[in-house]
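This is model_35.pdb (PDB, C-alpha atoms, pLDDT in the B column).
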ATOM      1  CA  MET Z  25      55.663  92.406  84.905  1.00 87.00           C
ATOM      2  CA  GLU Z  26      58.323  90.221  83.339  1.00 95.00           C
ATOM      3  CA  LEU Z  27      62.037  90.609  82.671  1.00 96.00           C
ATOM      4  CA  LYS Z  28      61.312  91.310  78.984  1.00 95.00           C
ATOM      5  CA  ASP Z  29      59.152  94.310  79.970  1.00 95.00           C
ATOM      6  CA  LEU Z  30      61.954  96.120  81.853  1.00 96.00           C
ATOM      7  CA  LYS Z  31      63.348  99.209  80.151  1.00 95.00           C
ATOM      8  CA  PRO Z  32      65.177 102.339  81.341  1.00 95.00           C
ATOM      9  CA  ALA Z  33      63.255 105.466  82.395  1.00 96.00           C
ATOM     10  CA  GLU Z  34      62.296 107.869  79.642  1.00 95.00           C
ATOM     11  CA  GLY Z  35      65.159 110.287  78.856  1.00 94.00           C
ATOM     12  CA  SER Z  36      67.729 108.517  81.043  1.00 96.00           C
ATOM     13  CA  ARG Z  37      69.659 106.967  78.118  1.00 95.00           C
ATOM     14  CA  HIS Z  38      71.374 108.966  75.374  1.00 92.00           C
ATOM     15  CA  SER Z  39      72.723 107.747  72.061  1.00 91.00           C
ATOM     16  CA  LYS Z  40      76.485 108.134  71.576  1.00 92.00           C
ATOM     17  CA  LYS Z  41      77.719 111.198  69.638  1.00 92.00           C
ATOM     18  CA  ARG Z  42      79.028 109.986  66.271  1.00 93.00           C
ATOM     19  CA  VAL Z  43      81.356 112.831  65.320  1.00 93.00           C
ATOM     20  CA  GLY Z  44      82.912 113.331  61.895  1.00 93.00           C
ATOM     21  CA  ARG Z  45      80.178 111.461  59.995  1.00 94.00           C
ATOM     22  CA  GLY Z  46      79.086 114.168  57.566  1.00 93.00           C
ATOM     23  CA  GLY Z  47      77.442 117.546  57.633  1.00 91.00           C
ATOM     24  CA  GLY Z  48      73.911 116.175  57.938  1.00 92.00           C
ATOM     25  CA  SER Z  49      74.670 114.725  61.380  1.00 91.00           C
ATOM     26  CA  GLY Z  50      75.348 118.170  62.823  1.00 90.00           C
ATOM     27  CA  LEU Z  51      78.774 116.984  63.993  1.00 92.00           C
ATOM     28  CA  GLY Z  52      80.622 116.805  60.674  1.00 93.00           C
ATOM     29  CA  LYS Z  53      83.660 118.742  59.363  1.00 93.00           C
ATOM     30  CA  THR Z  54      85.235 120.091  62.602  1.00 93.00           C
ATOM     31  CA  SER Z  55      83.374 117.539  64.753  1.00 92.00           C
ATOM     32  CA  GLY Z  56      82.275 120.016  67.403  1.00 91.00           C
ATOM     33  CA  ARG Z  57      85.828 121.282  68.034  1.00 93.00           C
ATOM     34  CA  GLY Z  58      85.349 124.740  66.549  1.00 92.00           C
ATOM     35  CA  MET Z  59      87.887 126.236  64.135  1.00 93.00           C
ATOM     36  CA  ASN Z  60      91.669 126.334  64.530  1.00 93.00           C
ATOM     37  CA  GLY Z  61      93.795 126.183  67.645  1.00 92.00           C
ATOM     38  CA  GLN Z  62      95.511 123.889  70.085  1.00 90.00           C
ATOM     39  CA  LYS Z  63      92.295 122.264  71.296  1.00 90.00           C
ATOM     40  CA  SER Z  64      91.078 121.491  67.765  1.00 93.00           C
ATOM     41  CA  ARG Z  65      94.029 119.175  67.050  1.00 92.00           C
ATOM     42  CA  ALA Z  66      94.252 115.482  67.794  1.00 92.00           C
ATOM     43  CA  GLY Z  67      96.143 115.093  71.065  1.00 89.00           C
ATOM     44  CA  GLY Z  68      95.845 118.845  71.575  1.00 88.00           C
ATOM     45  CA  GLY Z  69      95.224 120.650  74.824  1.00 87.00           C
ATOM     46  CA  LYS Z  70      97.372 121.490  77.787  1.00 90.00           C
ATOM     47  CA  GLY Z  71      99.031 118.723  79.790  1.00 88.00           C
ATOM     48  CA  LYS Z  72      99.081 118.319  83.557  1.00 89.00           C
ATOM     49  CA  GLY Z  73     101.360 120.940  85.127  1.00 90.00           C
ATOM     50  CA  PHE Z  74     101.294 123.219  82.067  1.00 91.00           C
ATOM     51  CA  GLU Z  75     101.792 126.847  83.107  1.00 93.00           C
ATOM     52  CA  GLY Z  76     101.090 128.787  79.924  1.00 91.00           C
ATOM     53  CA  GLY Z  77     104.592 128.324  78.508  1.00 91.00           C
ATOM     54  CA  GLN Z  78     106.333 129.426  81.699  1.00 95.00           C
ATOM     55  CA  THR Z  79     108.853 126.836  82.917  1.00 95.00           C
ATOM     56  CA  PRO Z  80     106.792 124.533  85.156  1.00 94.00           C
ATOM     57  CA  LEU Z  81     107.396 124.447  88.888  1.00 94.00           C
ATOM     58  CA  ALA Z  82     108.620 120.844  88.730  1.00 90.00           C
ATOM     59  CA  ARG Z  83     111.427 121.939  86.393  1.00 92.00           C
ATOM     60  CA  ARG Z  84     112.280 125.149  88.285  1.00 94.00           C
ATOM     61  CA  LEU Z  85     113.002 123.331  91.542  1.00 93.00           C
ATOM     62  CA  PRO Z  86     116.407 121.667  92.012  1.00 92.00           C
ATOM     63  CA  LYS Z  87     116.896 117.917  92.093  1.00 91.00           C
ATOM     64  CA  LEU Z  88     117.957 117.118  95.619  1.00 89.00           C
ATOM     65  CA  PRO Z  89     120.489 114.377  96.383  1.00 91.00           C
ATOM     66  CA  GLY Z  90     119.767 111.232  98.343  1.00 91.00           C
ATOM     67  CA  PHE Z  91     116.472 109.676  99.332  1.00 90.00           C
ATOM     68  CA  LYS Z  92     114.237 109.255 102.382  1.00 89.00           C
ATOM     69  CA  ASN Z  93     114.255 105.765 103.866  1.00 94.00           C
ATOM     70  CA  ILE Z  94     110.649 104.931 104.745  1.00 94.00           C
ATOM     71  CA  ASN Z  95     111.758 102.216 107.178  1.00 97.00           C
ATOM     72  CA  HIS Z  96     113.975 104.521 109.277  1.00 96.00           C
ATOM     73  CA  VAL Z  97     113.210 104.374 113.009  1.00 95.00           C
ATOM     74  CA  GLU Z  98     114.133 107.397 115.152  1.00 95.00           C
ATOM     75  CA  TYR Z  99     115.275 106.780 118.737  1.00 96.00           C
ATOM     76  CA  LEU Z 100     115.668 109.526 121.341  1.00 96.00           C
ATOM     77  CA  PRO Z 101     119.164 109.383 122.867  1.00 97.00           C
ATOM     78  CA  VAL Z 102     119.487 109.319 126.674  1.00 97.00           C
ATOM     79  CA  ASN Z 103     122.976 109.101 128.180  1.00 96.00           C
ATOM     80  CA  VAL Z 104     123.834 107.213 131.371  1.00 96.00           C
ATOM     81  CA  SER Z 105     125.054 110.486 132.907  1.00 95.00           C
ATOM     82  CA  ARG Z 106     121.456 111.765 132.665  1.00 96.00           C
ATOM     83  CA  LEU Z 107     120.171 108.624 134.395  1.00 95.00           C
ATOM     84  CA  GLU Z 108     122.765 109.178 137.131  1.00 94.00           C
ATOM     85  CA  GLU Z 109     121.493 112.686 137.919  1.00 94.00           C
ATOM     86  CA  LYS Z 110     117.716 112.012 137.610  1.00 94.00           C
ATOM     87  CA  PHE Z 111     117.264 108.574 139.201  1.00 95.00           C
ATOM     88  CA  GLU Z 112     117.881 107.193 142.704  1.00 94.00           C
ATOM     89  CA  ALA Z 113     119.636 103.858 143.330  1.00 93.00           C
ATOM     90  CA  GLY Z 114     117.360 100.832 142.852  1.00 93.00           C
ATOM     91  CA  GLU Z 115     114.832 102.669 140.663  1.00 94.00           C
ATOM     92  CA  GLU Z 116     113.478 101.257 137.414  1.00 95.00           C
ATOM     93  CA  VAL Z 117     114.144 103.164 134.177  1.00 96.00           C
ATOM     94  CA  THR Z 118     111.283 102.815 131.653  1.00 95.00           C
ATOM     95  CA  ASN Z 119     109.748 105.104 129.036  1.00 95.00           C
ATOM     96  CA  ALA Z 120     107.039 106.025 131.557  1.00 96.00           C
ATOM     97  CA  THR Z 121     109.530 107.022 134.290  1.00 96.00           C
ATOM     98  CA  LEU Z 122     111.680 108.914 131.762  1.00 96.00           C
ATOM     99  CA  ALA Z 123     108.611 110.911 130.673  1.00 96.00           C
ATOM    100  CA  ALA Z 124     107.568 111.511 134.293  1.00 96.00           C
ATOM    101  CA  LYS Z 125     111.002 112.960 135.103  1.00 95.00           C
ATOM    102  CA  GLY Z 126     110.956 115.174 131.985  1.00 95.00           C
ATOM    103  CA  ILE Z 127     113.844 113.485 130.173  1.00 95.00           C
ATOM    104  CA  ILE Z 128     111.592 112.649 127.193  1.00 96.00           C
ATOM    105  CA  LYS Z 129     108.335 114.345 126.182  1.00 96.00           C
ATOM    106  CA  HIS Z 130     106.069 111.384 125.517  1.00 95.00           C
ATOM    107  CA  GLU Z 131     105.883 107.914 126.979  1.00 94.00           C
ATOM    108  CA  SER Z 132     105.337 106.523 123.472  1.00 95.00           C
ATOM    109  CA  ASP Z 133     108.714 107.844 122.194  1.00 94.00           C
ATOM    110  CA  LEU Z 134     111.353 105.242 121.362  1.00 96.00           C
ATOM    111  CA  VAL Z 135     114.439 105.557 123.591  1.00 96.00           C
ATOM    112  CA  LYS Z 136     118.033 104.365 123.252  1.00 96.00           C
ATOM    113  CA  VAL Z 137     120.359 104.597 126.261  1.00 96.00           C
ATOM    114  CA  LEU Z 138     123.881 105.621 125.265  1.00 96.00           C
ATOM    115  CA  GLY Z 139     127.098 105.269 127.246  1.00 95.00           C
ATOM    116  CA  ASP Z 140     128.248 108.896 127.532  1.00 96.00           C
ATOM    117  CA  GLY Z 141     129.224 109.772 131.119  1.00 95.00           C
ATOM    118  CA  ASP Z 142     129.519 107.664 134.261  1.00 95.00           C
ATOM    119  CA  ILE Z 143     126.995 105.889 136.454  1.00 94.00           C
ATOM    120  CA  THR Z 144     127.424 104.724 140.041  1.00 94.00           C
ATOM    121  CA  LYS Z 145     123.838 103.837 140.993  1.00 93.00           C
ATOM    122  CA  ALA Z 146     122.347 100.377 140.504  1.00 95.00           C
ATOM    123  CA  LEU Z 147     119.365 100.850 138.163  1.00 95.00           C
ATOM    124  CA  THR Z 148     117.051  98.437 136.366  1.00 95.00           C
ATOM    125  CA  VAL Z 149     116.795  99.599 132.746  1.00 96.00           C
ATOM    126  CA  LYS Z 150     113.838  98.575 130.535  1.00 95.00           C
ATOM    127  CA  VAL Z 151     113.918 100.740 127.407  1.00 95.00           C
ATOM    128  CA  ASP Z 152     113.641 100.124 123.643  1.00 95.00           C
ATOM    129  CA  LYS Z 153     117.387  99.931 122.892  1.00 95.00           C
ATOM    130  CA  ILE Z 154     120.698 100.234 124.682  1.00 95.00           C
ATOM    131  CA  SER Z 155     124.257 100.563 123.430  1.00 96.00           C
ATOM    132  CA  ALA Z 156     126.913  98.008 124.406  1.00 95.00           C
ATOM    133  CA  SER Z 157     128.949 100.603 126.337  1.00 96.00           C
ATOM    134  CA  ALA Z 158     125.881 101.775 128.298  1.00 96.00           C
ATOM    135  CA  LYS Z 159     124.960  98.169 129.132  1.00 95.00           C
ATOM    136  CA  ALA Z 160     128.501  97.502 130.374  1.00 96.00           C
ATOM    137  CA  LYS Z 161     128.494 100.663 132.570  1.00 96.00           C
ATOM    138  CA  ILE Z 162     125.064  99.899 134.083  1.00 95.00           C
ATOM    139  CA  GLU Z 163     126.007  96.295 134.876  1.00 95.00           C
ATOM    140  CA  ALA Z 164     129.400  97.399 136.304  1.00 95.00           C
ATOM    141  CA  ALA Z 165     127.515  99.754 138.669  1.00 95.00           C
ATOM    142  CA  GLY Z 166     125.441  96.785 139.928  1.00 95.00           C
ATOM    143  CA  GLY Z 167     122.341  97.455 137.848  1.00 95.00           C
ATOM    144  CA  LYS Z 168     120.676  95.231 135.293  1.00 94.00           C
ATOM    145  CA  VAL Z 169     119.349  95.602 131.767  1.00 95.00           C
ATOM    146  CA  GLU Z 170     116.087  93.813 130.930  1.00 92.00           C
ATOM    147  CA  GLU Z 171     114.233  93.226 127.677  1.00 79.00           C
ATOM    148  CA  PRO Z 172     112.969  94.680 125.306  1.00 77.00           C
ATOM    149  CA  CYS Z 173     116.503  96.161 124.862  1.00 59.00           C
TER     150      CYS Z 173
END
Just give me the structure of the file as structure tokens.
Amino acid sequence: MELKDLKPAEGSRHSKKRVGRGGGSGLGKTSGRGMNGQKSRAGGGKGKGFEGGQTPLARRLPKLPGFKNINHVEYLPVNVSRLEEKFEAGEEVTNATLAAKGIIKHESDLVKVLGDGDITKALTVKVDKISASAKAKIEAAGGKVEEPC
């Protein structure tokens, strides 16, 4: 067998329909589109979202203001007053210890410590973010704030 002998399997290839080329072709006059109507016209037919003449859903719903920022990062707020009541002096505050004490649900949640309330215990804080006021209060109480804050 040579390359010149290769040909497609019998019945696997079909000749293209040449519509509108006279009555003898079997696809003349209306070119297989039937008689009158929307689908017989050039460019006819119903578009995407067409609902039979009823106002489409996309037009019935209101345009809402604003937009959704895809880069927005959500942090769970934890105040220093909460750290004061849940932790003992000298303990380390991390996402894992916060989850263990039930302050946050999941260890993987992002946490930001905020400065609402007072703190008297010296704690080592290692969370995702911390506000300036919270950092000042923790350091004033003798604790320290470590990265990744």
Write out as JSON an axis-aligned box for region 88-107 of chain Z: all of its atoms listed in the file, 3 Å added on each side, centre and edge lengths in Å with one decimal.
{"center_x": 117.9, "center_y": 109.7, "center_z": 115.0, "size_x": 20.4, "size_y": 20.9, "size_z": 44.8}
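Residue nearest Ser155 (chain Z) within the list Z:Glu108, Z:Tyr99, Z:Gln78, Z:Asn119: Z:Tyr99 [criterion: smallest interatomic distance, all atoms listed in the file].
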Which residues fall under the PyMOL selection byres ((chain Z and resi 162) around 12) in this file, as a ChimeraX atom specification?
/Z:103-105,107-108,113-114,117,137-150,154-161,163-170
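Take CA of Lys41 (chain Z) and CA of Thr54 (chain Z): the distance between them is 13.6 Å.
Interatomic distance, CA of Pro101 (chain Z) against CA of Asp152 (chain Z): 10.8 Å.
Straight-line separation from CA of Gly68 (chain Z) to CA of His38 (chain Z): 26.7 Å.
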Return the single residue from Z:Arg37, Z:Ala82, Z:Phe111, Z:Pro172 that is closest to Ala124 (chain Z), with distances computed using only C-alpha atoms.
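Among the listed residues, the smallest separation from Ala124 (chain Z) belongs to Z:Phe111.
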Kindly resolve the PyMOL selection byres ((chain Z and resi 131) around 9) on the present coordinates and return the residues as a PyMOL selection string.
chain Z and resi 118-124+128-130+132-134
Name every residue that the PyMOL selection byres ((chain Z and resi 97) around 12) selects in this structure, writing the answer as a PDB file with C-alpha atoms, keeping the file's coordinate frame with chains first and numbers rising.
ATOM      1  CA  LYS Z  92     114.237 109.255 102.382  1.00 89.00           C
ATOM      2  CA  ASN Z  93     114.255 105.765 103.866  1.00 94.00           C
ATOM      3  CA  ILE Z  94     110.649 104.931 104.745  1.00 94.00           C
ATOM      4  CA  ASN Z  95     111.758 102.216 107.178  1.00 97.00           C
ATOM      5  CA  HIS Z  96     113.975 104.521 109.277  1.00 96.00           C
ATOM      6  CA  GLU Z  98     114.133 107.397 115.152  1.00 95.00           C
ATOM      7  CA  TYR Z  99     115.275 106.780 118.737  1.00 96.00           C
ATOM      8  CA  LEU Z 100     115.668 109.526 121.341  1.00 96.00           C
ATOM      9  CA  ASP Z 133     108.714 107.844 122.194  1.00 94.00           C
ATOM     10  CA  LEU Z 134     111.353 105.242 121.362  1.00 96.00           C
ATOM     11  CA  VAL Z 135     114.439 105.557 123.591  1.00 96.00           C
ATOM     12  CA  LYS Z 136     118.033 104.365 123.252  1.00 96.00           C
ATOM     13  CA  ASP Z 152     113.641 100.124 123.643  1.00 95.00           C
ATOM     14  CA  LYS Z 153     117.387  99.931 122.892  1.00 95.00           C
TER      15      LYS Z 153
END
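Proximity ranking of Z:Ile127, Z:Leu88, Z:Val151, Z:Leu30 relative to Lys110 (chain Z) places Z:Ile127 first, based on all atoms listed in the file.
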Reconstructed region 93-104 of chain Z, atom set all heavy atoms, as a compact mmCIF listing (two decimals), keeping the file's coordinate frame:
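For reference, result15.txt as written:
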# COMPACT_ATOMS: atom_id res chain seq x y z
N ASN Z 93 114.53 107.17 103.56
CA ASN Z 93 114.26 105.76 103.87
C ASN Z 93 112.96 105.67 104.66
O ASN Z 93 112.86 106.19 105.77
CB ASN Z 93 115.42 105.17 104.67
CG ASN Z 93 115.24 103.70 104.96
OD1 ASN Z 93 114.25 103.10 104.58
ND2 ASN Z 93 116.21 103.11 105.63
N ILE Z 94 111.96 105.00 104.09
CA ILE Z 94 110.65 104.93 104.74
C ILE Z 94 110.65 103.99 105.94
O ILE Z 94 109.73 103.99 106.74
CB ILE Z 94 109.53 104.53 103.75
CG1 ILE Z 94 109.81 103.17 103.14
CG2 ILE Z 94 109.33 105.60 102.70
CD1 ILE Z 94 108.62 102.56 102.42
N ASN Z 95 111.68 103.17 106.06
CA ASN Z 95 111.76 102.22 107.18
C ASN Z 95 112.62 102.73 108.33
O ASN Z 95 112.84 102.00 109.29
CB ASN Z 95 112.31 100.87 106.69
CG ASN Z 95 111.41 100.25 105.65
OD1 ASN Z 95 110.19 100.25 105.81
ND2 ASN Z 95 111.97 99.75 104.57
N HIS Z 96 113.11 103.96 108.24
CA HIS Z 96 113.98 104.52 109.28
C HIS Z 96 113.22 104.69 110.59
O HIS Z 96 112.09 105.20 110.60
CB HIS Z 96 114.53 105.87 108.83
CG HIS Z 96 115.38 106.54 109.85
ND1 HIS Z 96 116.64 106.10 110.19
CD2 HIS Z 96 115.15 107.61 110.64
CE1 HIS Z 96 117.13 106.88 111.15
NE2 HIS Z 96 116.24 107.81 111.43
N VAL Z 97 113.83 104.25 111.68
CA VAL Z 97 113.21 104.37 113.01
C VAL Z 97 114.06 105.34 113.83
O VAL Z 97 115.27 105.17 113.95
CB VAL Z 97 113.13 103.01 113.72
CG1 VAL Z 97 112.52 103.16 115.10
CG2 VAL Z 97 112.31 102.03 112.88
N GLU Z 98 113.43 106.36 114.39
CA GLU Z 98 114.13 107.40 115.15
C GLU Z 98 114.05 107.09 116.65
O GLU Z 98 112.96 106.94 117.19
CB GLU Z 98 113.48 108.74 114.85
CG GLU Z 98 114.29 109.94 115.29
CD GLU Z 98 115.52 110.20 114.43
OE1 GLU Z 98 115.44 110.08 113.20
OE2 GLU Z 98 116.57 110.53 115.02
N TYR Z 99 115.21 107.00 117.29
CA TYR Z 99 115.28 106.78 118.74
C TYR Z 99 115.76 108.06 119.42
O TYR Z 99 116.64 108.73 118.89
CB TYR Z 99 116.24 105.64 119.08
CG TYR Z 99 115.73 104.28 118.70
CD1 TYR Z 99 116.03 103.71 117.48
CD2 TYR Z 99 114.94 103.54 119.57
CE1 TYR Z 99 115.57 102.46 117.12
CE2 TYR Z 99 114.45 102.29 119.24
CZ TYR Z 99 114.78 101.75 118.01
OH TYR Z 99 114.30 100.51 117.66
N LEU Z 100 115.20 108.38 120.58
CA LEU Z 100 115.67 109.53 121.34
C LEU Z 100 116.86 109.08 122.18
O LEU Z 100 116.77 108.10 122.91
CB LEU Z 100 114.56 110.05 122.25
CG LEU Z 100 113.34 110.65 121.56
CD1 LEU Z 100 112.30 111.04 122.60
CD2 LEU Z 100 113.72 111.85 120.74
N PRO Z 101 117.99 109.78 122.09
CA PRO Z 101 119.16 109.38 122.87
C PRO Z 101 119.07 109.86 124.31
O PRO Z 101 118.68 111.00 124.59
CB PRO Z 101 120.31 110.08 122.14
CG PRO Z 101 119.70 111.27 121.51
CD PRO Z 101 118.27 110.91 121.19
N VAL Z 102 119.41 108.97 125.25
CA VAL Z 102 119.49 109.32 126.67
C VAL Z 102 120.79 108.73 127.18
O VAL Z 102 120.99 107.52 127.09
CB VAL Z 102 118.29 108.75 127.47
CG1 VAL Z 102 118.44 109.05 128.96
CG2 VAL Z 102 116.98 109.31 126.96
N ASN Z 103 121.68 109.57 127.70
CA ASN Z 103 122.98 109.10 128.18
C ASN Z 103 122.89 108.63 129.63
O ASN Z 103 122.02 109.07 130.39
CB ASN Z 103 124.03 110.21 128.05
CG ASN Z 103 124.45 110.41 126.61
OD1 ASN Z 103 124.88 109.46 125.96
ND2 ASN Z 103 124.30 111.62 126.11
N VAL Z 104 123.84 107.75 130.01
CA VAL Z 104 123.83 107.21 131.37
C VAL Z 104 124.11 108.31 132.40
O VAL Z 104 123.64 108.23 133.54
CB VAL Z 104 124.84 106.04 131.55
CG1 VAL Z 104 124.37 104.82 130.80
CG2 VAL Z 104 126.24 106.42 131.14
